[in-house]
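K.L.:
Right, I'll just put the structure down here and ask away after.
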Amino acid sequence: MILFFYNLTLLAALVASAPWWLWRMATTHKYRAGLGERLGRVPARLREAGARPLIWLHAVSVGEVLAVTRLVAEMDRALPGYRLVISTTTRTGHALARERFGAARVFYCPLDLPWAVQAYLKALRPRLLILAETEFWPNLLSGCFRRGTAVAVVNARISDRSWPRYRRLRWVWRPILGRLSRVLAQSEVDAERLTAIGCQPARVSVSGNLKFDVRAAQQAEATRLLRELGTGLRFVVAGSTLEGEEAALLEAWPRLLEADGDLVLVLAPRHPERFGAVAALLQKSGCAWLRRSAWNTQAACQPLKPGAIVLLDTIGELASVYSLAAVAFVGGSLFPTGGHNPLEPAQFGVPIVMGPHYANFRAIADALRAQEALRIAPRAELTDMLLPLLKNRQEAAAMGARARAVFDQQAGATERTLRALQSLLDQEGVPA
């Protein structure tokens, strides 16, 4: 009955919003990408004949793709008898997944429409569906349950922002989440919340955060170029920035240069669709700046000058670029948007500054703060928080070492997750 009303509401919402979606698709490539796959057209490349059973892993966007990168590699190694395919939702996540895992096994996840979901389940016949974090789609889950397909959730979490909504609607979620085969939570708090909204306690366990196991697999081309073109210079890397944060950093930039005239600022906006807006902001600022994408032609690769600003307008290079940072600012945190992952710079022993809004990464940020490996700065105090780390290199190095120690101490989630998935696959008549 719940599924019936869900689909009725979904259909009504689609009809009502159709003009807006049609207009967005006509004017924005973002909403046209993968439309056929989203509506249920299964790519021919996924219809591989053979006896190997299939595992379907879903990672929504860039953050989830990065989180499962090592897990995918370990599953490929440990489960050669299975074929692993990966779906994503966003265009940026899709591009990164194709780069990380190979285009042949990456596709856009179907919209949670009955016919689209059934087309994929019928074609793929997955033995196991793995969801990264909290992608609970009723039609997809119900379709798996009807077919006897086991469903596992890895790196599961319920954010502070989402928790009140899940709690209010727990009567809706309980019949669905109670049938999940295995739920591997990031923390004890997440495990308690997942149990409270309907997951069976016996099937919920804490495996840790996969993001503590994510390491830059190789040096990105941007890292190599920055190192070569910026010889003798020090980098301030501001990653995953959102609207308003670039302006705050540009406001701080003159005082930072007064403290150290050999600095270069690397700005990496979180969303590619904002690259143009940030470029316009830089142009208006009067600062010397350039685009990373301009280095795609060898003739444009000129040595960086002190005080320059580099707009990192590429996807998938930020994690590696953090390795160059004298200090890192992790964005999405000056304003109440939930923050982004401070582990990316922590793995390189880089001192980290964030704004006060980091609800999406609270457990990680709290672990770093407990060891004095992360400093929190409201916008008004951003400059004053960055300056000491640029002036006192010994203090910055000690803080970075503590950050790397936290990263190393928290590792192991991938191994625990893999063991749990192997156990699930080995079971006869896995409950779904």
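Please note that chains go A, B, ... in the order of the structure tokens, that every chain numbers its residues from 1, and that ligands are numbered from 1 in the order shown.
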Any idea what's packed within 12 Å of Trp137 in chain A, counting only C-alpha atoms, ignoring anything in its chain fewer than 5 positions away? Could you give it as number ranges by chain?

P.N.:
A: 3, 6-7, 10, 58, 109-114, 117, 131, 142-144, 151, 173, 176-177

K.L.:
Could you name the residues that touch Asn209 in chain A at 8 Å or less, counting only C-alpha atoms, but leaving out those on the same chain fewer than 4 positions away, as JSON, numbers by chain?

P.N.:
{"A": [155, 185, 186, 187, 213, 413]}

K.L.:
How many Å lie between CA of Ala346 in chain A and CA of Arg404 in chain A, rounded to one decimal?

P.N.:
5.2 Å

K.L.:
Looking at only C-alpha atoms, which of A:Ala259, A:Phe407, A:Leu311, A:Cys287 is the one that sits closest to Asn392 in chain A?

P.N.:
A:Ala259

K.L.:
Could you check which of A:Ala359, A:Gly261, A:Gln118, A:Arg38 is closest to Asp160 in chain A, using only C-alpha atoms?

P.N.:
A:Ala359

K.L.:
For CA of Gly338 in chain A and CA of Gly355 in chain A, determine how far apart the two atoms are, in Å to one decimal place.

P.N.:
10.0 Å

K.L.:
Near Pro43 in chain A, within 10 Å and counting only C-alpha atoms, which residues show up once chain neighbours fewer than 3 positions away are dropped, as a ChimeraX atom specification?

P.N.:
/A:36-37,40,46-47,104-108,120,123

K.L.:
Now that the selection is made, can you save its residues with C-alpha atoms as an mmCIF file, in the first residue's frame?

P.N.:
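The resulting file, selection_10.cif, is shown below:
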```
data_model
loop_
_atom_site.group_PDB
_atom_site.id
_atom_site.type_symbol
_atom_site.label_atom_id
_atom_site.label_comp_id
_atom_site.auth_asym_id
_atom_site.auth_seq_id
_atom_site.Cartn_x
_atom_site.Cartn_y
_atom_site.Cartn_z
ATOM 1 C CA GLY A 36 17.859 7.160 -21.870
ATOM 2 C CA GLU A 37 19.645 5.116 -19.197
ATOM 3 C CA GLY A 40 15.239 2.359 -18.331
ATOM 4 C CA LEU A 46 26.064 -4.298 -19.545
ATOM 5 C CA ARG A 47 24.313 -7.245 -21.189
ATOM 6 C CA ALA A 104 32.403 -0.399 -19.770
ATOM 7 C CA ARG A 105 30.870 -1.088 -16.357
ATOM 8 C CA VAL A 106 29.603 2.361 -15.350
ATOM 9 C CA PHE A 107 26.060 3.580 -16.072
ATOM 10 C CA TYR A 108 23.466 6.069 -14.892
ATOM 11 C CA TYR A 120 17.574 -3.016 -15.085
ATOM 12 C CA ALA A 123 18.570 -7.366 -17.590
#
```

K.L.:
Counting only C-alpha atoms, give me one row per residue of range 213-279 of chain A with an atom at most 9 Å from an atom of range 291-297 of chain A, showing the shortest contact pair and its distance in Å to one decimal, sorted by chain then residue number, as CSV.

P.N.:
```
residue,atom,partner,partner_atom,distance
A:Ala222,CA,A:Arg292,CA,7.2
A:Leu225,CA,A:Trp295,CA,8.2
A:Ala279,CA,A:Arg291,CA,8.1
```

K.L.:
Run DSSP on the backbone of this structure and report the residues of range 176-408 of chain A it assigns to alpha helix (DSSP H), as a PyMOL selection string.

P.N.:
chain A and resi 176-177+188-196+221-229+245-259+275-285+318-321+343-346+362-370+382-391+393-408

K.L.:
Name the residues in contact with Ala247 in chain A at a cut-off of 12 Å, using only C-alpha atoms, excluding same-chain residues fewer than 3 positions from it; report them as number ranges by chain.

P.N.:
A: 238, 241-244, 250-253, 267, 269, 277-282, 284-285, 334, 379, 382

K.L.:
Export, as a compact mmCIF listing (two decimals), in the first residue's frame, the selected residues with C-alpha atoms.

P.N.:
```
# COMPACT_ATOMS: atom_id res chain seq x y z
CA ALA A 238 40.92 25.70 -1.01
CA THR A 241 34.27 25.63 -2.25
CA LEU A 242 30.70 26.83 -2.61
CA GLU A 243 29.20 30.21 -3.47
CA GLY A 244 30.41 32.92 -1.10
CA LEU A 250 39.83 36.54 -2.05
CA GLU A 251 39.12 38.97 0.79
CA ALA A 252 41.73 37.19 2.92
CA TRP A 253 44.29 36.86 0.11
CA LEU A 267 40.68 27.44 -5.81
CA PRO A 269 34.93 24.88 -6.68
CA ALA A 277 31.00 32.11 -12.18
CA VAL A 278 34.21 31.75 -10.16
CA ALA A 279 36.26 32.73 -13.22
CA ALA A 280 34.15 35.89 -13.53
CA LEU A 281 34.71 36.62 -9.84
CA LEU A 282 38.47 36.23 -10.27
CA LYS A 284 36.61 41.15 -11.41
CA SER A 285 38.99 40.85 -8.43
CA LEU A 334 31.46 28.64 5.97
CA ARG A 379 34.03 33.63 7.99
CA LEU A 382 39.12 32.92 8.43
```

K.L.:
Write down as an MDAnalysis selection string the residues belonging to range 243-423 of chain A that are assigned strand (DSSP E) by DSSP computed on the backbone.

P.N.:
chainID A and resid 263:269 289:291 309:311 325:330 352:354 374:376

K.L.:
Would you mind listing what lies within 12 Å of range 88-90 of chain A as a ChimeraX atom specification, with only C-alpha atoms counted and same-chain residues fewer than 2 positions away left out?

P.N.:
/A:29-35,37-38,56-66,68,85-86,92-98,101,105-112,131-132,135,271-272

K.L.:
Just to be explicit: take each residue in the selection above, keep N, CA and C atoms, and write the result as a tab-separated table (two decimals), in the first residue's frame.

P.N.:
```tsv
chain	number	residue	atom	x	y	z
A	29	HIS	N	22.82	20.93	-20.48
A	29	HIS	CA	23.29	19.58	-20.80
A	29	HIS	C	23.23	18.67	-19.57
A	30	LYS	N	23.35	19.28	-18.40
A	30	LYS	CA	23.38	18.52	-17.15
A	30	LYS	C	22.20	17.56	-17.03
A	31	TYR	N	21.02	18.00	-17.48
A	31	TYR	CA	19.81	17.19	-17.30
A	31	TYR	C	19.53	16.29	-18.49
A	32	ARG	N	20.31	16.42	-19.57
A	32	ARG	CA	20.13	15.52	-20.70
A	32	ARG	C	21.06	14.32	-20.62
A	33	ALA	N	22.16	14.46	-19.88
A	33	ALA	CA	23.16	13.40	-19.82
A	33	ALA	C	22.55	12.11	-19.29
A	34	GLY	N	22.69	11.05	-20.06
A	34	GLY	CA	22.24	9.74	-19.62
A	34	GLY	C	20.74	9.59	-19.49
A	35	LEU	N	19.97	10.43	-20.18
A	35	LEU	CA	18.52	10.40	-20.00
A	35	LEU	C	17.92	9.04	-20.37
A	37	GLU	N	19.32	6.09	-20.25
A	37	GLU	CA	19.65	5.12	-19.20
A	37	GLU	C	18.79	5.37	-17.96
A	38	ARG	N	18.58	6.63	-17.62
A	38	ARG	CA	17.78	6.95	-16.44
A	38	ARG	C	16.34	6.49	-16.59
A	56	TRP	N	25.74	-5.25	-8.27
A	56	TRP	CA	25.46	-3.86	-8.69
A	56	TRP	C	25.75	-2.96	-7.50
A	57	LEU	N	26.68	-2.01	-7.67
A	57	LEU	CA	27.02	-1.05	-6.63
A	57	LEU	C	26.57	0.33	-7.09
A	58	HIS	N	25.84	1.04	-6.24
A	58	HIS	CA	25.36	2.38	-6.58
A	58	HIS	C	26.05	3.43	-5.72
A	59	ALA	N	26.71	4.39	-6.37
A	59	ALA	CA	27.38	5.51	-5.70
A	59	ALA	C	26.86	6.80	-6.35
A	60	VAL	N	26.19	7.63	-5.59
A	60	VAL	CA	25.44	8.75	-6.16
A	60	VAL	C	26.31	9.73	-6.95
A	61	SER	N	27.29	10.31	-6.26
A	61	SER	CA	28.05	11.41	-6.86
A	61	SER	C	29.53	11.27	-6.55
A	62	VAL	N	30.26	12.37	-6.73
A	62	VAL	CA	31.72	12.34	-6.60
A	62	VAL	C	32.15	11.82	-5.23
A	63	GLY	N	31.52	12.31	-4.16
A	63	GLY	CA	31.92	11.90	-2.82
A	63	GLY	C	31.78	10.41	-2.59
A	64	GLU	N	30.67	9.84	-3.04
A	64	GLU	CA	30.45	8.42	-2.87
A	64	GLU	C	31.37	7.59	-3.77
A	65	VAL	N	31.62	8.08	-4.99
A	65	VAL	CA	32.55	7.38	-5.88
A	65	VAL	C	33.94	7.32	-5.26
A	66	LEU	N	34.39	8.44	-4.71
A	66	LEU	CA	35.69	8.46	-4.06
A	66	LEU	C	35.71	7.50	-2.87
A	68	VAL	N	34.08	4.73	-2.35
A	68	VAL	CA	34.07	3.29	-2.67
A	68	VAL	C	35.20	2.88	-3.60
A	85	VAL	N	29.37	-4.04	-11.46
A	85	VAL	CA	29.02	-2.86	-12.25
A	85	VAL	C	28.65	-1.74	-11.29
A	86	ILE	N	28.84	-0.50	-11.73
A	86	ILE	CA	28.66	0.65	-10.85
A	86	ILE	C	27.74	1.66	-11.49
A	92	THR	N	28.87	14.55	-12.82
A	92	THR	CA	30.25	14.60	-12.35
A	92	THR	C	30.66	13.26	-11.73
A	93	GLY	N	29.76	12.66	-10.97
A	93	GLY	CA	30.04	11.35	-10.41
A	93	GLY	C	30.24	10.31	-11.49
A	94	HIS	N	29.44	10.40	-12.54
A	94	HIS	CA	29.54	9.46	-13.65
A	94	HIS	C	30.90	9.58	-14.34
A	95	ALA	N	31.32	10.82	-14.58
A	95	ALA	CA	32.62	11.03	-15.25
A	95	ALA	C	33.76	10.48	-14.41
A	96	LEU	N	33.72	10.72	-13.11
A	96	LEU	CA	34.79	10.23	-12.24
A	96	LEU	C	34.77	8.71	-12.15
A	97	ALA	N	33.57	8.12	-12.08
A	97	ALA	CA	33.47	6.66	-12.00
A	97	ALA	C	34.02	6.01	-13.27
A	98	ARG	N	33.73	6.58	-14.43
A	98	ARG	CA	34.27	6.03	-15.68
A	98	ARG	C	35.80	6.08	-15.67
A	101	PHE	N	36.88	3.41	-12.69
A	101	PHE	CA	36.50	2.00	-12.77
A	101	PHE	C	36.41	1.45	-14.20
A	105	ARG	N	31.74	-0.58	-17.43
A	105	ARG	CA	30.87	-1.09	-16.36
A	105	ARG	C	30.21	0.02	-15.54
A	106	VAL	N	30.21	1.23	-16.05
A	106	VAL	CA	29.60	2.36	-15.35
A	106	VAL	C	28.38	2.83	-16.12
A	107	PHE	N	27.29	3.12	-15.42
A	107	PHE	CA	26.06	3.58	-16.07
A	107	PHE	C	25.30	4.50	-15.13
A	108	TYR	N	24.32	5.21	-15.70
A	108	TYR	CA	23.47	6.07	-14.89
A	108	TYR	C	22.39	5.22	-14.22
A	109	CYS	N	22.19	5.46	-12.94
A	109	CYS	CA	21.17	4.72	-12.21
A	109	CYS	C	19.78	5.11	-12.73
A	110	PRO	N	18.89	4.13	-12.94
A	110	PRO	CA	17.56	4.49	-13.40
A	110	PRO	C	16.82	5.32	-12.36
A	111	LEU	N	15.96	6.20	-12.84
A	111	LEU	CA	15.07	6.91	-11.92
A	111	LEU	C	14.21	5.87	-11.21
A	112	ASP	N	13.72	6.22	-10.03
A	112	ASP	CA	12.96	5.25	-9.25
A	112	ASP	C	11.52	5.13	-9.76
A	131	LEU	N	24.37	-0.35	-1.85
A	131	LEU	CA	24.09	1.09	-1.85
A	131	LEU	C	25.11	1.79	-0.98
A	132	ALA	N	25.70	2.85	-1.50
A	132	ALA	CA	26.67	3.64	-0.73
A	132	ALA	C	25.94	4.74	0.03
A	135	GLU	N	21.08	5.77	0.04
A	135	GLU	CA	20.27	5.90	-1.17
A	135	GLU	C	19.11	4.90	-1.12
A	271	HIS	N	31.33	22.38	-7.56
A	271	HIS	CA	30.47	22.02	-8.68
A	271	HIS	C	30.99	22.59	-10.00
A	272	PRO	N	31.17	21.75	-11.01
A	272	PRO	CA	31.70	22.23	-12.30
A	272	PRO	C	30.87	23.34	-12.93
```

K.L.:
Could you check the closest approach to Phe275 in chain A for each of A:Phe361, A:Ala288, A:Leu312, A:Arg193 and tell me which residue wins, using only C-alpha atoms?

P.N.:
A:Leu312

K.L.:
Taking only C-alpha atoms into account, which of A:Thr231, A:Gly400, A:Gly208, A:Leu141 comes nearest Pro175 in chain A?

P.N.:
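Ranking A:Thr231, A:Gly400, A:Gly208, A:Leu141 by distance to Pro175 in chain A, first place goes to A:Leu141.
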
K.L.:
Between A:Gln283, A:Ser333, A:Thr417, A:Gln422, which residue has the minimum interatomic distance to Asn360 in chain A, considering only C-alpha atoms?

P.N.:
A:Ser333
